[in-house]
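This is start_1.cif. It holds mmCIF, C-alpha atoms, pLDDT in the B column; chains and numbers go by the auth columns.
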```
data_query
#
loop_
_atom_site.group_PDB
_atom_site.id
_atom_site.type_symbol
_atom_site.label_atom_id
_atom_site.label_comp_id
_atom_site.label_asym_id
_atom_site.label_seq_id
_atom_site.Cartn_x
_atom_site.Cartn_y
_atom_site.Cartn_z
_atom_site.B_iso_or_equiv
_atom_site.auth_seq_id
_atom_site.auth_asym_id
ATOM 1 C CA MET A 1 31.414 -153.981 -37.423 53.00 1 O
ATOM 2 C CA SER A 2 28.179 -155.749 -38.287 78.00 2 O
ATOM 3 C CA GLY A 3 25.083 -155.064 -40.305 74.00 3 O
ATOM 4 C CA LEU A 4 23.518 -155.733 -43.661 79.00 4 O
ATOM 5 C CA ARG A 5 25.916 -156.169 -46.584 85.00 5 O
ATOM 6 C CA MET A 6 24.730 -154.824 -49.925 80.00 6 O
ATOM 7 C CA SER A 7 26.236 -153.351 -53.065 84.00 7 O
ATOM 8 C CA PRO A 8 26.183 -149.561 -53.491 87.00 8 O
ATOM 9 C CA ALA A 9 23.862 -150.035 -56.476 91.00 9 O
ATOM 10 C CA GLY A 10 21.439 -152.029 -54.340 88.00 10 O
ATOM 11 C CA VAL A 11 21.469 -149.362 -51.626 86.00 11 O
ATOM 12 C CA ALA A 12 20.847 -146.674 -54.253 88.00 12 O
ATOM 13 C CA ASP A 13 17.863 -148.600 -55.621 88.00 13 O
ATOM 14 C CA LEU A 14 16.326 -148.859 -52.157 90.00 14 O
ATOM 15 C CA ALA A 15 17.008 -145.159 -51.513 90.00 15 O
ATOM 16 C CA ARG A 16 15.034 -144.294 -54.665 92.00 16 O
ATOM 17 C CA VAL A 17 12.116 -146.333 -53.370 91.00 17 O
ATOM 18 C CA LYS A 18 12.228 -144.351 -50.112 92.00 18 O
ATOM 19 C CA GLU A 19 12.341 -141.110 -52.100 92.00 19 O
ATOM 20 C CA GLY A 20 9.173 -142.147 -53.908 93.00 20 O
ATOM 21 C CA GLU A 21 7.451 -142.914 -50.611 93.00 21 O
ATOM 22 C CA ALA A 22 8.563 -139.532 -49.258 93.00 22 O
ATOM 23 C CA ARG A 23 7.256 -137.661 -52.315 95.00 23 O
ATOM 24 C CA ALA A 24 3.935 -139.456 -51.981 95.00 24 O
ATOM 25 C CA ALA A 25 3.797 -138.344 -48.336 94.00 25 O
ATOM 26 C CA GLY A 26 4.352 -134.700 -49.347 95.00 26 O
ATOM 27 C CA ALA A 27 8.120 -134.244 -49.006 95.00 27 O
ATOM 28 C CA ASP A 28 9.522 -131.446 -51.163 96.00 28 O
ATOM 29 C CA GLY A 29 12.867 -130.903 -52.856 95.00 29 O
ATOM 30 C CA LEU A 30 14.533 -129.532 -49.745 96.00 30 O
ATOM 31 C CA ASP A 31 13.463 -132.539 -47.686 97.00 31 O
ATOM 32 C CA LEU A 32 14.844 -134.914 -50.329 97.00 32 O
ATOM 33 C CA ARG A 33 18.132 -133.036 -50.705 97.00 33 O
ATOM 34 C CA LEU A 34 18.680 -132.875 -46.948 97.00 34 O
ATOM 35 C CA SER A 35 17.887 -136.582 -46.709 97.00 35 O
ATOM 36 C CA GLU A 36 20.493 -137.400 -49.358 95.00 36 O
ATOM 37 C CA HIS A 37 23.167 -135.473 -47.461 96.00 37 O
ATOM 38 C CA SER A 38 22.200 -136.366 -43.911 96.00 38 O
ATOM 39 C CA GLY A 39 21.032 -139.992 -44.167 95.00 39 O
ATOM 40 C CA MET A 40 17.829 -139.107 -42.290 97.00 40 O
ATOM 41 C CA ASP A 41 14.473 -140.083 -43.765 96.00 41 O
ATOM 42 C CA ALA A 42 12.937 -137.359 -45.951 97.00 42 O
ATOM 43 C CA ARG A 43 9.530 -137.953 -44.341 97.00 43 O
ATOM 44 C CA ASP A 44 11.072 -137.332 -40.930 97.00 44 O
ATOM 45 C CA ILE A 45 12.781 -134.170 -42.134 98.00 45 O
ATOM 46 C CA MET A 46 9.469 -132.941 -43.572 98.00 46 O
ATOM 47 C CA ALA A 47 7.632 -133.655 -40.309 97.00 47 O
ATOM 48 C CA LEU A 48 10.401 -132.137 -38.161 98.00 48 O
ATOM 49 C CA ARG A 49 10.384 -128.959 -40.235 98.00 49 O
ATOM 50 C CA ARG A 50 6.634 -128.653 -39.666 98.00 50 O
ATOM 51 C CA PHE A 51 6.946 -129.461 -35.950 98.00 51 O
ATOM 52 C CA THR A 52 9.726 -126.934 -35.322 98.00 52 O
ATOM 53 C CA ARG A 53 7.865 -124.241 -37.276 97.00 53 O
ATOM 54 C CA GLU A 54 4.726 -124.726 -35.198 97.00 54 O
ATOM 55 C CA ARG A 55 6.622 -124.678 -31.906 97.00 55 O
ATOM 56 C CA GLN A 56 9.433 -122.248 -32.776 97.00 56 O
ATOM 57 C CA LEU A 57 12.041 -124.871 -31.997 98.00 57 O
ATOM 58 C CA MET A 58 15.523 -125.566 -33.293 98.00 58 O
ATOM 59 C CA ILE A 59 16.892 -129.108 -33.052 98.00 59 O
ATOM 60 C CA VAL A 60 20.431 -130.098 -34.008 98.00 60 O
ATOM 61 C CA PHE A 61 21.046 -133.739 -34.915 98.00 61 O
ATOM 62 C CA ARG A 62 24.197 -135.719 -35.492 97.00 62 O
ATOM 63 C CA CYS A 63 23.260 -137.697 -38.577 96.00 63 O
ATOM 64 C CA PRO A 64 23.565 -141.373 -39.439 94.00 64 O
ATOM 65 C CA LYS A 65 25.638 -142.554 -42.384 92.00 65 O
ATOM 66 C CA PRO A 66 24.112 -141.264 -45.663 92.00 66 O
ATOM 67 C CA SER A 67 23.368 -144.829 -46.790 92.00 67 O
ATOM 68 C CA ALA A 68 21.027 -145.255 -43.800 92.00 68 O
ATOM 69 C CA ARG A 69 18.286 -143.308 -45.626 92.00 69 O
ATOM 70 C CA ALA A 70 17.555 -146.464 -47.631 92.00 70 O
ATOM 71 C CA PHE A 71 16.550 -148.380 -44.488 88.00 71 O
ATOM 72 C CA HIS A 72 14.561 -146.070 -42.195 92.00 72 O
ATOM 73 C CA GLY A 73 11.167 -147.635 -41.695 91.00 73 O
ATOM 74 C CA THR A 74 12.437 -151.001 -42.909 90.00 74 O
ATOM 75 C CA PHE A 75 14.444 -151.631 -39.744 89.00 75 O
ATOM 76 C CA PRO A 76 13.931 -150.074 -36.287 87.00 76 O
ATOM 77 C CA ALA A 77 16.344 -147.416 -35.060 88.00 77 O
ATOM 78 C CA LYS A 78 19.515 -148.579 -33.328 87.00 78 O
ATOM 79 C CA THR A 79 18.864 -148.814 -29.606 83.00 79 O
ATOM 80 C CA PHE A 80 20.819 -146.961 -26.936 81.00 80 O
ATOM 81 C CA ALA A 81 22.082 -150.279 -25.540 79.00 81 O
ATOM 82 C CA THR A 82 23.614 -151.325 -28.881 83.00 82 O
ATOM 83 C CA LYS A 83 27.266 -150.283 -28.891 77.00 83 O
ATOM 84 C CA ALA A 84 28.391 -152.007 -32.108 78.00 84 O
ATOM 85 C CA LYS A 85 29.294 -149.664 -34.951 82.00 85 O
ATOM 86 C CA SER A 86 27.019 -149.445 -37.958 81.00 86 O
ATOM 87 C CA ASN A 87 28.063 -150.880 -41.297 78.00 87 O
ATOM 88 C CA ALA A 88 29.579 -148.110 -43.425 78.00 88 O
ATOM 89 C CA GLY A 89 27.923 -149.320 -46.621 84.00 89 O
ATOM 90 C CA THR A 90 24.352 -149.516 -45.352 81.00 90 O
ATOM 91 C CA GLY A 91 24.205 -147.683 -42.019 84.00 91 O
ATOM 92 C CA THR A 92 22.811 -150.823 -40.383 83.00 92 O
ATOM 93 C CA VAL A 93 23.917 -152.925 -37.432 84.00 93 O
ATOM 94 C CA HIS A 94 23.025 -156.215 -35.773 85.00 94 O
ATOM 95 C CA GLY A 95 21.777 -156.079 -32.196 80.00 95 O
ATOM 96 C CA ALA A 96 22.733 -158.505 -29.426 76.00 96 O
ATOM 97 C CA GLN A 97 20.008 -160.941 -30.499 78.00 97 O
ATOM 98 C CA GLY A 98 20.901 -160.674 -34.178 79.00 98 O
ATOM 99 C CA GLN A 99 18.116 -158.253 -35.122 84.00 99 O
ATOM 100 C CA LEU A 100 18.921 -155.700 -37.806 90.00 100 O
ATOM 101 C CA MET A 101 18.679 -152.010 -36.922 84.00 101 O
ATOM 102 C CA VAL A 102 19.440 -148.786 -38.773 89.00 102 O
ATOM 103 C CA SER A 103 21.604 -145.983 -37.391 89.00 103 O
ATOM 104 C CA ASP A 104 19.516 -143.697 -35.215 90.00 104 O
ATOM 105 C CA TYR A 105 19.314 -139.918 -35.086 94.00 105 O
ATOM 106 C CA ASP A 106 21.439 -138.453 -32.283 94.00 106 O
ATOM 107 C CA MET A 107 20.022 -135.200 -30.967 97.00 107 O
ATOM 108 C CA MET A 108 22.757 -132.779 -29.978 97.00 108 O
ATOM 109 C CA SER A 109 20.550 -130.009 -28.604 97.00 109 O
ATOM 110 C CA VAL A 110 17.032 -128.563 -28.561 98.00 110 O
ATOM 111 C CA TRP A 111 16.261 -124.837 -28.399 98.00 111 O
ATOM 112 C CA ARG A 112 13.121 -122.679 -28.293 97.00 112 O
ATOM 113 C CA HIS A 113 12.970 -119.106 -29.567 95.00 113 O
ATOM 114 C CA ASP A 114 11.600 -116.757 -26.918 92.00 114 O
ATOM 115 C CA GLY A 115 11.219 -113.733 -29.185 89.00 115 O
ATOM 116 C CA THR A 116 14.713 -112.405 -28.590 91.00 116 O
ATOM 117 C CA GLY A 117 16.963 -115.460 -28.811 93.00 117 O
ATOM 118 C CA TRP A 118 17.289 -119.216 -28.480 96.00 118 O
ATOM 119 C CA ARG A 119 16.900 -120.780 -25.053 95.00 119 O
ATOM 120 C CA LYS A 120 17.968 -124.329 -24.340 95.00 120 O
ATOM 121 C CA ILE A 121 15.560 -127.124 -23.520 96.00 121 O
ATOM 122 C CA ALA A 122 17.767 -129.620 -21.732 94.00 122 O
ATOM 123 C CA VAL A 123 16.888 -133.165 -22.810 95.00 123 O
ATOM 124 C CA SER A 124 18.755 -135.412 -20.422 93.00 124 O
ATOM 125 C CA ALA A 125 18.550 -136.750 -16.890 89.00 125 O
ATOM 126 C CA LEU A 126 17.753 -134.023 -14.371 86.00 126 O
ATOM 127 C CA THR A 127 20.730 -135.218 -12.324 85.00 127 O
ATOM 128 C CA PRO A 128 23.758 -133.639 -14.082 82.00 128 O
ATOM 129 C CA GLY A 129 26.074 -136.257 -15.577 78.00 129 O
ATOM 130 C CA ALA A 130 23.679 -139.177 -15.024 79.00 130 O
ATOM 131 C CA ALA A 131 23.368 -141.527 -17.998 80.00 131 O
ATOM 132 C CA ARG A 132 19.775 -142.333 -17.055 85.00 132 O
ATOM 133 C CA GLY A 133 17.037 -140.742 -14.999 88.00 133 O
ATOM 134 C CA PRO A 134 13.833 -138.711 -15.297 90.00 134 O
ATOM 135 C CA TRP A 135 13.726 -135.741 -17.659 93.00 135 O
ATOM 136 C CA SER A 136 11.908 -132.466 -17.247 94.00 136 O
ATOM 137 C CA GLU A 137 8.229 -132.510 -18.190 96.00 137 O
ATOM 138 C CA GLN A 138 8.926 -130.150 -21.106 96.00 138 O
ATOM 139 C CA ALA A 139 11.708 -132.338 -22.525 95.00 139 O
ATOM 140 C CA ARG A 140 9.649 -135.497 -22.161 96.00 140 O
ATOM 141 C CA GLU A 141 6.612 -133.960 -23.872 97.00 141 O
ATOM 142 C CA ILE A 142 8.650 -132.775 -26.883 97.00 142 O
ATOM 143 C CA VAL A 143 10.369 -136.126 -27.468 97.00 143 O
ATOM 144 C CA VAL A 144 7.152 -138.105 -26.990 97.00 144 O
ATOM 145 C CA ALA A 145 5.434 -135.799 -29.499 97.00 145 O
ATOM 146 C CA MET A 146 8.210 -136.313 -32.058 97.00 146 O
ATOM 147 C CA ASN A 147 8.222 -140.079 -31.625 97.00 147 O
ATOM 148 C CA ARG A 148 4.522 -140.152 -32.489 96.00 148 O
ATOM 149 C CA PHE A 149 5.327 -139.110 -36.066 97.00 149 O
ATOM 150 C CA LEU A 150 8.956 -140.116 -36.717 97.00 150 O
ATOM 151 C CA VAL A 151 9.644 -143.096 -38.954 96.00 151 O
ATOM 152 C CA SER A 152 12.925 -143.659 -37.058 95.00 152 O
ATOM 153 C CA LYS A 153 12.199 -143.105 -33.380 95.00 153 O
ATOM 154 C CA LEU A 154 14.511 -141.170 -31.065 95.00 154 O
ATOM 155 C CA GLN A 155 16.341 -143.475 -28.673 90.00 155 O
ATOM 156 C CA HIS A 156 17.843 -141.112 -26.095 92.00 156 O
ATOM 157 C CA GLY A 157 18.303 -137.520 -25.008 93.00 157 O
ATOM 158 C CA CYS A 158 20.653 -134.796 -26.220 96.00 158 O
ATOM 159 C CA GLN A 159 24.385 -135.361 -26.267 95.00 159 O
ATOM 160 C CA ASP A 160 25.209 -131.737 -25.399 95.00 160 O
ATOM 161 C CA ASP A 161 23.239 -132.145 -22.161 94.00 161 O
ATOM 162 C CA PHE A 162 25.049 -135.311 -20.987 92.00 162 O
ATOM 163 C CA LEU A 163 27.474 -133.608 -18.612 90.00 163 O
ATOM 164 C CA ASP A 164 29.980 -136.411 -18.086 87.00 164 O
ATOM 165 C CA ALA A 165 33.139 -135.360 -19.912 87.00 165 O
ATOM 166 C CA GLU A 166 34.652 -138.835 -19.602 89.00 166 O
ATOM 167 C CA LYS A 167 31.675 -140.782 -20.974 89.00 167 O
ATOM 168 C CA ASN A 168 30.235 -138.245 -23.402 91.00 168 O
ATOM 169 C CA PRO A 169 31.207 -139.430 -26.925 92.00 169 O
ATOM 170 C CA GLY A 170 32.156 -135.914 -28.008 93.00 170 O
ATOM 171 C CA VAL A 171 32.474 -135.012 -31.684 96.00 171 O
ATOM 172 C CA LYS A 172 34.758 -136.397 -34.399 95.00 172 O
ATOM 173 C CA MET A 173 35.701 -134.999 -37.780 95.00 173 O
ATOM 174 C CA ALA A 174 33.752 -137.781 -39.507 94.00 174 O
ATOM 175 C CA ASP A 175 30.528 -136.598 -37.827 96.00 175 O
ATOM 176 C CA HIS A 176 27.976 -134.610 -39.821 97.00 176 O
ATOM 177 C CA PHE A 177 24.921 -132.750 -38.610 98.00 177 O
ATOM 178 C CA LEU A 178 21.500 -131.397 -39.545 98.00 178 O
ATOM 179 C CA ALA A 179 19.888 -128.382 -37.902 98.00 179 O
ATOM 180 C CA ILE A 180 16.109 -128.106 -38.180 98.00 180 O
ATOM 181 C CA ARG A 181 15.377 -124.464 -37.396 97.00 181 O
ATOM 182 C CA ALA A 182 11.759 -123.308 -37.098 97.00 182 O
ATOM 183 C CA GLY A 183 10.772 -124.928 -40.374 96.00 183 O
ATOM 184 C CA ASP A 184 14.097 -124.659 -42.196 96.00 184 O
ATOM 185 C CA GLY A 185 16.820 -127.270 -42.580 97.00 185 O
ATOM 186 C CA ILE A 186 20.577 -126.661 -42.685 98.00 186 O
ATOM 187 C CA TYR A 187 23.086 -129.434 -43.405 98.00 187 O
ATOM 188 C CA LEU A 188 26.406 -129.099 -41.550 98.00 188 O
ATOM 189 C CA ARG A 189 29.087 -131.326 -43.022 97.00 189 O
ATOM 190 C CA ASP A 190 31.464 -131.579 -40.057 97.00 190 O
ATOM 191 C CA PRO A 191 31.991 -130.385 -36.448 97.00 191 O
ATOM 192 C CA ASN A 192 33.605 -127.148 -37.633 97.00 192 O
ATOM 193 C CA GLU A 193 30.482 -126.176 -39.559 97.00 193 O
ATOM 194 C CA CYS A 194 28.332 -127.235 -36.614 98.00 194 O
ATOM 195 C CA GLU A 195 30.376 -125.119 -34.221 97.00 195 O
ATOM 196 C CA ASN A 196 30.104 -122.142 -36.580 97.00 196 O
ATOM 197 C CA PHE A 197 26.339 -122.638 -36.706 98.00 197 O
ATOM 198 C CA TYR A 198 26.212 -122.567 -32.908 97.00 198 O
ATOM 199 C CA ARG A 199 28.310 -119.393 -32.781 96.00 199 O
ATOM 200 C CA VAL A 200 26.178 -117.612 -35.398 96.00 200 O
ATOM 201 C CA HIS A 201 23.073 -118.360 -33.336 96.00 201 O
ATOM 202 C CA ALA A 202 24.770 -117.317 -30.063 94.00 202 O
ATOM 203 C CA LEU A 203 24.687 -120.895 -28.729 95.00 203 O
ATOM 204 C CA PRO A 204 27.557 -122.068 -26.521 94.00 204 O
ATOM 205 C CA TRP A 205 29.589 -124.867 -28.133 96.00 205 O
ATOM 206 C CA PRO A 206 30.298 -127.394 -25.356 95.00 206 O
ATOM 207 C CA TYR A 207 33.213 -129.217 -27.036 95.00 207 O
ATOM 208 C CA VAL A 208 36.891 -128.393 -26.644 93.00 208 O
ATOM 209 C CA SER A 209 39.540 -128.448 -29.367 92.00 209 O
ATOM 210 C CA ASN A 210 40.054 -132.237 -29.253 93.00 210 O
ATOM 211 C CA GLY A 211 36.310 -132.839 -29.633 93.00 211 O
ATOM 212 C CA ARG A 212 35.650 -133.863 -26.044 93.00 212 O
ATOM 213 C CA HIS A 213 32.746 -132.433 -24.074 92.00 213 O
ATOM 214 C CA CYS A 214 33.742 -129.786 -21.546 90.00 214 O
ATOM 215 C CA GLY A 215 31.462 -131.326 -18.889 83.00 215 O
ATOM 216 C CA LEU A 216 29.601 -128.068 -18.253 77.00 216 O
ATOM 217 C CA PRO A 217 26.018 -127.026 -19.079 77.00 217 O
ATOM 218 C CA SER A 218 25.579 -124.760 -22.100 70.00 218 O
ATOM 219 C CA GLY A 219 23.031 -122.085 -22.862 62.00 219 O
ATOM 220 C CA PRO A 220 20.237 -120.364 -20.948 59.00 220 O
ATOM 221 C CA VAL A 221 17.469 -122.814 -20.168 59.00 221 O
ATOM 222 C CA GLY A 222 13.964 -121.867 -21.217 54.00 222 O
#
```

Now, as a test, write the supplied structure out as structure tokens.
Amino acid sequence: MSGLRMSPAGVADLARVKEGEARAAGADGLDLRLSEHSGMDARDIMALRRFTRERQLMIVFRCPKPSARAFHGTFPAKTFATKAKSNAGTGTVHGAQGQLMVSDYDMMSVWRHDGTGWRKIAVSALTPGAARGPWSEQAREIVVAMNRFLVSKLQHGCQDDFLDAEKNPGVKMADHFLAIRAGDGIYLRDPNECENFYRVHALPWPYVSNGRHCGLPSGPVG
């Protein structure tokens, strides 16, 4: 495990600096509280809440380590090609060339409300199970639009939509999640809470009891 080494007090000091920057940018108490829990940047949470409200979207993220909130915008987001695990104390990692990166945001799923319910926007290769490949025009437009304003840029598509049960990373009990729902934000502390959130919103949960992906598509596409 690699990454920046720093005392918890030092990380906390940097996190307070980021909070000040977020307040200056217009982040409110909910944005700051969700950032503290999720490890995502409060400015990104603020902008994602606005974006999902305008477009009637719901986006579920698997979150970085909470300490990562001190480093978004200081270091670039961890790239898809970087497989090393992030440092638990700072949420950072060294890339292959030694460059420091901060844990990225992993989208689990994207949904649009059609007036009666949530319909999936698949954000993955159009060829089912392919790790790479062209996306739909709708998926590409949404991610490009988000990356125009995000401090920590998205690095890949949605995990739920990667239909390779063997290679999909699945979910683990240490994972935590943030749902940004049409302007609101809901922190989900583990996979059980995330699954319950899916069930409450009538979204299929594509992971079996051991946390592995079932390998099948989930949800009506819209």

Counting all atoms listed in the file, the option among O:Val200, O:Leu154, O:Cys214, O:Ile180 closest to Leu30 in chain O: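 Looking at the shortest contact to Leu30 in chain O, the residue is O:Ile180.
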
Would you kindly return, as an NGL selection string, each protein, DNA or RNA residue with an atom no farther than 10 Å from any atom of Ala84 in chain O, considering all atoms listed in the file and excluding same-chain residues fewer than 4 positions away? :O and (1-3 or 78 or 93-96)

With distances taken over only C-alpha atoms, the candidate from O:Gln97, O:Ser103, O:Ala122, O:Phe149 nearest Glu137 in chain O is O:Ala122

Considering all atoms listed in the file, state which residue in the set O:Tyr198, O:Trp135, O:Phe162, O:Tyr105 is at the smallest distance from Met58 in chain O.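 Residue with the minimum atom-to-atom distance to Met58 in chain O: O:Tyr198.
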
Pairwise distance for CA of Gly39 in chain O and CA of Glu195 in chain O, rounded to one decimal in Å: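 Between these atoms lies a distance of 20.2 Å.
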
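Using all atoms listed in the file, the nearest neighbour of Val110 in chain O within the list O:Leu216, O:Ala174, O:Ile59, O:Met46 is O:Ile59.
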
Residues matched by the PyMOL selection byres ((chain O and resi 121) around 7) as an mmCIF file with C-alpha atoms, in the frame of the given file:
```cif
data_model
loop_
_atom_site.group_PDB
_atom_site.id
_atom_site.type_symbol
_atom_site.label_atom_id
_atom_site.label_comp_id
_atom_site.auth_asym_id
_atom_site.auth_seq_id
_atom_site.Cartn_x
_atom_site.Cartn_y
_atom_site.Cartn_z
ATOM 1 C CA VAL O 110 17.032 -128.563 -28.561
ATOM 2 C CA TRP O 111 16.261 -124.837 -28.399
ATOM 3 C CA ARG O 112 13.121 -122.679 -28.293
ATOM 4 C CA ARG O 119 16.900 -120.780 -25.053
ATOM 5 C CA LYS O 120 17.968 -124.329 -24.340
ATOM 6 C CA ALA O 122 17.767 -129.620 -21.732
ATOM 7 C CA VAL O 123 16.888 -133.165 -22.810
ATOM 8 C CA ALA O 139 11.708 -132.338 -22.525
ATOM 9 C CA VAL O 221 17.469 -122.814 -20.168
ATOM 10 C CA GLY O 222 13.964 -121.867 -21.217
#
```

Residues in the PyMOL selection byres ((chain O and resi 185) around 10), expressed as number ranges by chain: O: 30-31, 34, 45-46, 48-49, 58-60, 178-184, 186-188

Residues matched by the PyMOL selection byres ((chain O and resi 18) around 9), written as a PyMOL selection string: chain O and resi 13-17+19-23+41-42+69-72

For a test of reading the model, state the distance in Å between CA of Asp164 in chain O and CA of Leu100 in chain O, rounded to one decimal.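 One can read the CA of Asp164 in chain O to CA of Leu100 in chain O distance as 29.7 Å.
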